[in-house]
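To be precise, the following lines are entry-v8.tsv, and they hold TSV, C-alpha atoms and all ligand atoms.
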```tsv
chain	number	residue	atom	x	y	z
A	29	MET	CA	214.87	142.66	222.71
A	30	THR	CA	216.59	141.89	219.42
A	31	SER	CA	214.39	139.44	217.48
A	32	THR	CA	210.96	140.20	216.03
A	33	PRO	CA	208.43	139.25	218.68
A	34	VAL	CA	206.08	136.32	218.18
A	35	ILE	CA	203.48	138.21	220.23
A	36	ASP	CA	203.24	141.98	220.38
A	37	VAL	CA	200.56	143.45	222.63
A	38	ASP	CA	200.39	147.23	222.62
A	39	ARG	CA	198.17	149.22	225.02
A	40	LEU	CA	195.49	146.54	225.04
A	41	ASN	CA	192.17	147.37	226.65
A	42	VAL	CA	189.30	144.90	227.09
A	43	SER	CA	185.97	146.03	228.51
A	44	TYR	CA	182.79	144.10	229.26
A	45	GLY	CA	180.00	146.66	229.01
A	46	GLY	CA	181.18	149.38	231.37
A	47	PHE	CA	183.67	147.14	233.19
A	48	HIS	CA	187.31	147.72	232.28
A	49	ALA	CA	188.90	144.25	232.68
A	50	VAL	CA	192.24	144.94	230.91
A	51	ARG	CA	193.85	148.39	231.04
A	52	ASP	CA	196.64	149.53	228.74
A	53	VAL	CA	198.52	146.24	228.86
A	54	SER	CA	201.66	146.02	226.69
A	55	PHE	CA	204.11	143.14	226.44
A	56	GLN	CA	206.07	141.18	223.89
A	57	VAL	CA	207.05	137.52	223.70
A	58	CYS	CA	210.19	136.60	221.75
A	59	PRO	CA	210.78	133.46	219.67
A	60	GLY	CA	211.67	130.46	221.84
A	61	GLU	CA	210.71	132.17	225.10
A	62	LEU	CA	208.55	130.70	227.82
A	63	TYR	CA	206.52	133.68	229.00
A	64	ALA	CA	204.30	133.22	232.05
A	65	LEU	CA	201.32	135.54	232.40
A	66	LEU	CA	200.47	135.35	236.08
A	67	GLY	CA	198.21	137.28	238.38
A	68	THR	CA	195.66	137.46	241.09
A	69	ASN	CA	192.11	136.17	240.52
A	70	GLY	CA	190.19	138.39	238.14
A	71	ALA	CA	193.39	140.22	237.12
A	72	GLY	CA	192.54	139.99	233.42
A	73	LYS	CA	194.81	137.14	232.29
A	74	THR	CA	192.11	135.14	230.52
A	75	SER	CA	190.69	138.27	228.87
A	76	THR	CA	194.19	139.16	227.65
A	77	LEU	CA	194.98	135.66	226.41
A	78	GLU	CA	191.61	135.23	224.70
A	79	THR	CA	192.43	138.38	222.74
A	80	VAL	CA	195.92	137.16	221.87
A	81	GLU	CA	194.50	133.79	220.82
A	82	GLY	CA	192.03	135.56	218.52
A	83	HIS	CA	188.88	134.52	220.41
A	84	ARG	CA	188.08	138.11	221.40
A	85	SER	CA	188.60	141.54	219.77
A	86	PRO	CA	190.43	144.26	221.70
A	87	THR	CA	188.24	147.12	222.88
A	88	SER	CA	191.24	149.26	221.97
A	89	GLY	CA	194.96	148.79	221.42
A	90	SER	CA	196.62	146.29	219.16
A	91	VAL	CA	197.60	142.64	219.29
A	92	ARG	CA	199.89	141.06	216.70
A	93	VAL	CA	200.82	137.38	216.55
A	94	PHE	CA	203.52	136.50	214.01
A	95	GLY	CA	203.10	140.10	212.84
A	96	ARG	CA	199.42	139.62	212.00
A	97	SER	CA	196.06	140.05	213.64
A	98	PRO	CA	195.21	136.87	215.57
A	99	ARG	CA	191.70	137.21	214.08
A	100	ASP	CA	193.33	136.31	210.75
A	101	ARG	CA	192.73	132.68	211.66
A	102	ARG	CA	193.73	131.16	208.36
A	103	ALA	CA	197.23	132.61	208.67
A	104	VAL	CA	197.73	132.30	212.41
A	105	ARG	CA	195.79	129.22	213.57
A	106	PRO	CA	198.02	126.58	211.91
A	107	ARG	CA	201.04	128.02	213.72
A	108	MET	CA	199.41	128.09	217.15
A	109	GLY	CA	198.41	125.35	219.65
A	110	VAL	CA	196.01	126.22	222.44
A	111	MET	CA	195.32	124.35	225.66
A	112	LEU	CA	192.30	126.08	227.20
A	113	GLN	CA	191.16	125.77	230.81
A	114	GLU	CA	188.00	124.01	229.67
A	115	SER	CA	188.29	121.49	226.87
A	116	GLY	CA	185.76	121.65	224.10
A	117	PHE	CA	185.98	118.07	222.83
A	118	SER	CA	182.94	116.19	221.72
A	119	PRO	CA	182.21	113.48	224.31
A	120	ASP	CA	181.23	111.10	221.48
A	121	LEU	CA	184.67	111.07	219.86
A	122	THR	CA	187.48	108.80	220.92
A	123	VAL	CA	190.80	110.15	222.09
A	124	ARG	CA	192.42	109.29	218.74
A	125	GLU	CA	189.58	110.90	216.77
A	126	SER	CA	189.83	114.06	218.88
A	127	VAL	CA	193.53	114.44	218.11
A	128	ARG	CA	192.94	113.78	214.41
A	129	LEU	CA	190.16	116.37	214.37
A	130	VAL	CA	192.52	119.01	215.76
A	131	GLY	CA	195.00	118.04	213.06
A	132	ALA	CA	192.33	118.52	210.40
A	133	LEU	CA	191.19	121.86	211.86
A	134	THR	CA	194.67	123.33	212.19
A	135	GLY	CA	196.20	121.79	209.06
A	136	ARG	CA	199.16	120.49	211.08
A	137	THR	CA	200.47	116.99	210.64
A	138	ASP	CA	201.98	114.68	213.22
A	139	ARG	CA	201.79	111.10	214.42
A	140	VAL	CA	198.84	110.59	216.75
A	141	ASP	CA	200.75	107.86	218.60
A	142	ARG	CA	203.62	110.24	219.26
A	143	VAL	CA	201.53	112.88	221.02
A	144	LEU	CA	199.44	110.34	222.92
A	145	GLY	CA	202.64	108.57	224.03
A	146	ALA	CA	204.08	111.84	225.32
A	147	VAL	CA	201.21	112.16	227.81
A	148	ASP	CA	200.75	108.45	228.53
A	149	LEU	CA	197.38	108.20	226.75
A	150	THR	CA	198.33	105.47	224.27
A	151	ARG	CA	196.21	102.88	226.08
A	152	LYS	CA	193.23	105.27	225.98
A	153	ALA	CA	193.42	105.95	222.23
A	154	GLY	CA	190.16	104.11	221.56
A	155	THR	CA	188.33	105.42	224.64
A	156	LEU	CA	185.46	107.92	224.32
A	157	VAL	CA	186.23	111.40	225.67
A	158	SER	CA	183.13	111.09	227.90
A	159	GLN	CA	184.80	108.12	229.65
A	160	LEU	CA	188.07	109.89	230.49
A	161	SER	CA	188.96	111.01	234.00
A	162	GLY	CA	189.55	114.71	234.66
A	163	GLY	CA	193.33	114.30	234.55
A	164	GLU	CA	193.14	112.26	231.33
A	165	LYS	CA	191.01	114.97	229.69
A	166	ARG	CA	193.63	117.53	230.70
A	167	ARG	CA	196.36	115.39	229.13
A	168	LEU	CA	194.29	115.09	225.95
A	169	ASP	CA	193.96	118.90	225.91
A	170	PHE	CA	197.72	119.14	226.09
A	171	ALA	CA	198.25	116.47	223.41
A	172	THR	CA	196.05	118.38	220.96
A	173	ALA	CA	197.79	121.69	221.75
A	174	VAL	CA	201.22	120.26	220.91
A	175	TYR	CA	200.09	118.15	217.93
A	176	GLY	CA	202.33	119.05	215.01
A	177	THR	CA	204.78	120.98	217.26
A	178	PRO	CA	203.27	124.43	216.62
A	179	GLU	CA	205.56	127.44	216.68
A	180	LEU	CA	203.49	129.00	219.48
A	181	VAL	CA	201.72	127.09	222.27
A	182	PHE	CA	199.36	128.55	224.89
A	183	LEU	CA	199.08	126.55	228.09
A	184	ASP	CA	196.28	127.79	230.34
A	185	GLU	CA	196.59	126.19	233.80
A	186	PRO	CA	198.06	123.06	232.16
A	187	THR	CA	198.78	121.04	235.30
A	188	THR	CA	195.57	121.67	237.24
A	189	GLY	CA	194.15	118.29	238.25
A	190	LEU	CA	197.23	116.32	237.19
A	191	ASP	CA	199.04	113.92	239.52
A	192	ILE	CA	202.77	114.39	240.03
A	193	ARG	CA	203.85	111.85	237.40
A	194	SER	CA	201.56	113.40	234.78
A	195	ARG	CA	202.95	116.84	235.65
A	196	ASP	CA	206.50	115.59	235.16
A	197	ASP	CA	205.49	114.05	231.79
A	198	LEU	CA	203.84	117.29	230.72
A	199	TRP	CA	206.85	119.42	231.61
A	200	ALA	CA	209.17	116.97	229.86
A	201	ALA	CA	207.01	117.36	226.74
A	202	VAL	CA	207.18	121.16	227.11
A	203	ASP	CA	210.99	120.93	227.34
A	204	ARG	CA	211.03	118.95	224.08
A	205	LEU	CA	208.77	121.53	222.42
A	206	ARG	CA	211.18	124.24	223.43
A	207	GLU	CA	214.16	122.28	222.16
A	208	ASP	CA	212.32	122.26	218.83
A	209	GLY	CA	212.12	126.06	219.03
A	210	SER	CA	208.47	126.57	220.04
A	211	THR	CA	207.46	129.67	221.97
A	212	VAL	CA	205.28	128.99	225.02
A	213	VAL	CA	202.85	131.23	226.88
A	214	LEU	CA	201.84	129.84	230.26
A	215	THR	CA	199.27	130.83	232.85
A	216	THR	CA	199.23	129.04	236.17
A	217	HIS	CA	198.44	129.56	239.82
A	218	TYR	CA	201.25	127.08	240.69
A	219	LEU	CA	203.90	129.72	241.15
A	220	GLU	CA	206.79	127.25	241.67
A	221	GLU	CA	206.20	125.98	238.13
A	222	ALA	CA	206.48	129.49	236.71
A	223	GLN	CA	209.45	130.23	238.93
A	224	GLN	CA	211.29	127.15	237.66
A	225	ARG	CA	210.40	127.39	233.99
A	226	ALA	CA	209.58	130.90	232.83
A	227	ASP	CA	212.18	132.99	231.05
A	228	ARG	CA	210.08	136.04	231.83
A	229	ILE	CA	206.96	136.72	233.82
A	230	GLY	CA	204.21	139.29	233.38
A	231	LEU	CA	202.38	139.84	236.63
A	232	MET	CA	198.83	141.19	236.25
A	233	HIS	CA	196.75	142.78	238.96
A	234	ARG	CA	193.36	144.47	238.61
A	235	GLY	CA	193.58	144.71	234.84
A	236	SER	CA	197.10	146.13	234.59
A	237	LEU	CA	200.49	144.61	233.96
A	238	HIS	CA	201.76	145.29	237.44
A	239	ARG	CA	205.33	143.99	236.99
A	240	GLU	CA	207.33	142.26	234.28
A	241	GLY	CA	210.74	140.62	234.24
A	242	THR	CA	212.77	137.52	234.99
A	243	VAL	CA	212.26	135.79	238.33
A	244	ALA	CA	215.49	137.41	239.54
A	245	GLU	CA	214.26	140.85	238.51
A	246	LEU	CA	210.89	140.40	240.18
A	247	THR	CA	212.26	139.07	243.45
A	248	ARG	CA	215.28	141.40	243.73
A	249	ALA	CA	213.39	144.10	245.61
A	250	LEU	CA	212.26	141.72	248.35
A	251	PRO	CA	214.43	140.19	251.09
A	252	ALA	CA	215.39	136.52	251.34
A	253	VAL	CA	214.11	134.65	254.38
A	254	ILE	CA	215.67	132.47	257.09
A	255	ARG	CA	213.20	130.48	259.20
A	256	PHE	CA	213.94	128.46	262.33
A	257	SER	CA	212.50	127.30	265.64
A	258	LEU	CA	214.10	127.64	269.04
A	259	PRO	CA	213.53	125.00	271.70
A	260	ALA	CA	211.65	125.89	274.88
A	261	ARG	CA	213.93	126.77	277.82
A	262	PRO	CA	213.22	127.99	281.31
A	263	PRO	CA	213.77	131.78	281.50
A	264	SER	CA	216.84	131.32	283.70
A	265	ALA	CA	218.45	129.20	281.01
A	266	ALA	CA	217.54	131.48	278.11
A	267	ALA	CA	220.18	131.79	275.43
A	268	PRO	CA	221.28	135.27	274.36
A	269	ALA	CA	219.18	136.78	271.59
A	270	PRO	CA	220.12	135.82	268.04
A	271	PRO	CA	222.61	138.16	266.38
A	272	LEU	CA	219.98	139.48	263.93
A	273	PRO	CA	216.46	140.84	264.32
A	274	ALA	CA	214.34	137.68	264.43
A	275	VAL	CA	210.60	138.20	264.17
A	276	PRO	CA	208.48	135.66	266.09
A	277	VAL	CA	205.87	133.86	264.02
A	278	GLY	CA	202.91	132.54	265.98
A	279	GLY	CA	204.72	132.24	269.34
A	280	GLY	CA	207.91	133.28	271.06
A	281	ASP	CA	208.51	136.44	273.04
A	282	GLY	CA	210.31	138.46	270.36
A	283	SER	CA	213.70	138.23	272.02
A	284	GLY	CA	214.49	135.13	270.04
A	285	ALA	CA	215.44	133.39	273.28
A	286	GLY	CA	212.20	131.56	274.07
A	287	GLU	CA	210.19	128.86	272.38
A	288	GLY	CA	208.74	129.38	268.93
A	289	ARG	CA	209.30	129.94	265.26
A	290	PHE	CA	211.21	132.90	263.96
A	291	VAL	CA	211.84	134.62	260.67
A	292	ILE	CA	214.80	136.74	259.67
A	293	GLU	CA	214.50	138.80	256.51
A	294	THR	CA	217.76	139.64	254.81
A	295	PHE	CA	219.32	140.98	251.64
A	296	SER	CA	222.60	139.21	252.53
A	297	LEU	CA	221.43	135.62	252.85
A	298	GLN	CA	224.79	133.85	252.96
A	299	LYS	CA	226.41	136.30	255.41
A	300	ASP	CA	223.44	136.40	257.79
A	301	LEU	CA	222.94	132.65	257.68
A	302	SER	CA	226.60	132.20	258.65
A	303	LEU	CA	226.14	134.66	261.53
A	304	LEU	CA	223.12	132.76	262.78
A	305	LEU	CA	224.82	129.35	262.54
A	306	ASP	CA	227.93	130.67	264.35
A	307	TRP	CA	225.71	132.11	267.09
A	308	ALA	CA	223.85	128.80	267.46
A	309	ARG	CA	227.12	126.83	267.68
A	310	ASP	CA	228.72	129.23	270.18
A	311	ASN	CA	225.64	129.17	272.41
A	312	GLY	CA	224.85	125.47	272.10
A	313	VAL	CA	221.45	126.27	270.54
A	314	GLU	CA	219.78	123.78	268.26
A	315	LEU	CA	217.95	125.52	265.42
A	316	ALA	CA	215.04	123.24	264.61
A	317	ASP	CA	213.21	123.35	261.24
A	318	LEU	CA	215.95	125.52	259.78
A	319	ALA	CA	215.15	126.68	256.24
A	320	ALA	CA	216.74	129.45	254.24
A	321	GLY	CA	216.08	130.53	250.72
A	322	PRO	CA	215.82	133.37	248.26
A	323	THR	CA	212.59	135.29	247.83
A	324	ARG	CA	209.98	133.28	245.98
A	325	LEU	CA	207.34	134.42	243.54
A	326	ASP	CA	204.78	133.75	246.28
A	327	ASP	CA	206.36	136.58	248.25
A	328	VAL	CA	206.12	138.89	245.23
A	329	PHE	CA	202.42	138.06	244.98
A	330	ARG	CA	201.83	138.60	248.68
A	331	ALA	CA	203.50	142.00	248.41
A	332	ILE	CA	201.24	143.17	245.59
A	333	ASP	CA	198.50	144.71	247.67
A	334	ASP	CA	201.03	146.40	249.94
A	335	ASP	CA	202.60	148.35	247.07
B	401	LIG	N1	182.20	137.93	229.87
B	401	LIG	C1	182.41	138.75	230.90
B	401	LIG	N2	181.50	139.69	231.24
B	401	LIG	C2	181.71	140.53	232.26
B	401	LIG	N3	182.82	140.53	233.04
B	401	LIG	C3	183.75	139.62	232.75
B	401	LIG	C4	183.62	138.68	231.68
B	401	LIG	N4	184.71	137.90	231.63
B	401	LIG	C5	185.51	138.32	232.64
B	401	LIG	N5	184.93	139.35	233.31
B	401	LIG	C6	185.51	140.08	234.45
B	401	LIG	O1	186.76	140.62	234.03
B	401	LIG	C7	187.73	140.50	235.05
B	401	LIG	C8	188.94	139.75	234.51
B	401	LIG	O2	188.55	138.40	234.28
B	401	LIG	P1	189.56	137.34	233.71
B	401	LIG	O3	188.79	136.06	233.55
B	401	LIG	O4	190.23	137.90	232.51
B	401	LIG	O5	190.61	137.25	234.92
B	401	LIG	P2	191.73	136.14	235.25
B	401	LIG	O6	192.96	136.92	235.56
B	401	LIG	O7	191.82	135.15	234.16
B	401	LIG	O8	191.15	135.52	236.58
B	401	LIG	P3	191.31	134.05	237.26
B	401	LIG	O9	192.74	133.91	237.70
B	401	LIG	O10	190.39	134.19	238.43
B	401	LIG	O11	190.88	133.02	236.26
B	401	LIG	C9	187.05	139.83	236.24
B	401	LIG	O12	186.67	140.82	237.15
B	401	LIG	C10	185.84	139.16	235.62
B	401	LIG	O13	184.78	139.11	236.54
```
Could you rewrite the structure in this file as structure tokens?
Amino acid sequence: MTSTPVIDVDRLNVSYGGFHAVRDVSFQVCPGELYALLGTNGAGKTSTLETVEGHRSPTSGSVRVFGRSPRDRRAVRPRMGVMLQESGFSPDLTVRESVRLVGALTGRTDRVDRVLGAVDLTRKAGTLVSQLSGGEKRRLDFATAVYGTPELVFLDEPTTGLDIRSRDDLWAAVDRLREDGSTVVLTTHYLEEAQQRADRIGLMHRGSLHREGTVAELTRALPAVIRFSLPARPPSAAAPAPPLPAVPVGGGDGSGAGEGRFVIETFSLQKDLSLLLDWARDNGVELADLAAGPTRLDDVFRAIDDD
């Protein structure tokens, strides 16, 4: 890591009474990075982020944001946009007033129409917050977080409750933020979004930073997967077994020659897929529902408890 980190968390511990929610967590986020802090339920992500955002003091350890304590709100707050899981807007303000209020509180300047346009809320500018739908409130949360293009933006479950078009709009706005040089910290339970967008991922489990790295680094230790179904045949007409160990999933007899779905795990995806396709062609077997792909973050998550 060459540049001075925007966020530097060093042996952070957060306890609630006697309960140790975050244990010796250390990570850094570099300028311009999109860092995804992911984890199982109750892993300690929110406790960690609340500390980094300056809403909570560490029980022990240190947290620096732009080289300062995040509790130094006057110095740090103007440079930071936060989209929380639960919005705290007054229901009696309009959408436009809510965005302006955030501008006043953070000291950042921007055009209200620009940020509302980015999340398709222009037509709702005069609507009271209490009259917005759940998805519209989420988009307003995002609009206020990115108002003034802060250098650092926290997005906590940003796409929960959004329809597909709103998600696309939100990610397009995040791409623009990044083009402008902003650093983004994301938490989400939609792992495909993190897989597609994060430069690096910190994976928390039971209070600790269980793994950290790029998607490629996190998935490298696990095999890729080939899935397919074989058609039903009478035993006398059974095809020879596939050329690789194929594990039956919810059906099949394990030989690979009967009916059912099968999974092949491999560290040589291209070579083994070719072998399987050649076998199917040579034996006149139709591989239904064929899907092959590299290990996904989902698989990394599923493997956590087995470690
Ligand atoms: N105010 C609190 N008092 C006591 N325990 C708490 C408090 N806040 C969180 N915890 C506990 O600390 C642990 C970590 O919670 P946290 O909200 O940080 O996890 P999370 O990773 O954000 O979880 P999720 O993905 O479910 O939102 C959980 O076991 C939770 O029950």
(message) Between atom C10 of ligand LIG 401 (chain B) and atom CA of Ser118 of chain A, what is the distance in Å, rounded to a tenth?
(response)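 The value is 27.0 Å.
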Segment 114-126 of chain A, all listed atoms, 4 Å padding on each side: what axis-aligned box centre and edge lengths in Å to one decimal come out, as JSON?
```
{"center_x": 186.8, "center_y": 116.4, "center_z": 223.2, "size_x": 19.2, "size_y": 23.2, "size_z": 20.9}
```
(message) Residues within 9 Å of Ser194 of chain A, please, as JSON, numbers by chain. Count all atoms listed in the file; anything in the same chain fewer than 5 positions from it doesn't count.
(response) {"A": [147, 148, 163, 167, 187, 199]}
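For the atom pair formed by atom CA of Ala49 of chain A and atom CA of Val328 of chain A, the distance is 22.0 Å, given to one decimal.
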(message) as an MDAnalysis selection string, please: every protein or nucleic acid residue near ligand LIG 401 (chain B) (cut-off 6 Å, counting all atoms listed in the file).
(response) chainID A and resid 44 49 67:75
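Each of A:Asp36, A:Asp52, A:Glu221, A:Glu164 was checked against Ser97 of chain A using all atoms listed in the file; the smallest atom-to-atom distance is that of A:Asp36.
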(message) With distances taken over all atoms listed in the file, which residue among A:Arg309, A:Thr79, A:Val143, A:Val275 lies nearest Asp197 of chain A?
(response) A:Val143
(message) For a quick check of understanding, using all atoms listed in the file, which of A:Phe256, A:Tyr218, A:Phe117, A:Phe94 has the smallest distance to Glu179 of chain A?
(response)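 So, comparing all the options, the nearest one is A:Phe94.
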(request) Have a look at A:Ala331, A:Arg124, A:Leu272, A:Arg324 and name the one nearest to Leu305 of chain A; count all atoms listed in the file. (result) A:Leu272
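With distances taken over all atoms listed in the file, A:Leu190 is the one residue among A:Val181, A:Val50, A:Leu190, A:Val93 lying closest to Ser161 of chain A.
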(message) Please list as a list of chain:residue names every residue within 10 Å of Glu245 of chain A, counting all atoms listed in the file and excluding residues in the same chain fewer than 5 positions away.
(response)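 Surrounding residues, per the criterion: A:Arg228, A:Ile229, A:Arg239, A:Glu240.
Nearest to Ser85 of chain A of all the residues A:Thr122, A:Thr32, A:Gln224, A:Ser43 is A:Ser43, based on only C-alpha atoms.
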(request) Counting all atoms listed in the file, select every polymer residue within 10 Å of (180.9, 108.6, 226.4) as defined in the file's coordinates, and provide the selection as a PyMOL selection string. (result) chain A and resi 118-122+155-160
(request) Compile the contact shell of Asn41 of chain A as a list of chain:residue names: residues with an atom at most 8 Å away, counting all atoms listed in the file, same-chain residues fewer than 6 positions apart removed. (result)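 So the residues in contact are A:His48, A:Ala49, A:Val50, A:Arg51, A:Asp52, A:Val53, A:Pro86, A:Thr87, A:Ser88, A:Gly89.
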(request) Work out how far atom CA of Leu258 of chain A is from atom CA of Phe290 of chain A, in Å to one decimal. (result)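 Atom CA of Leu258 of chain A lies at a distance of 7.9 Å from atom CA of Phe290 of chain A.
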(request) Could you give me, as a PyMOL selection string, the residues that sit within 7 Å of (200.3, 138.0, 235.7) in the file's coordinates, counting all atoms listed in the file? (result) chain A and resi 65-67+73+230-233+237
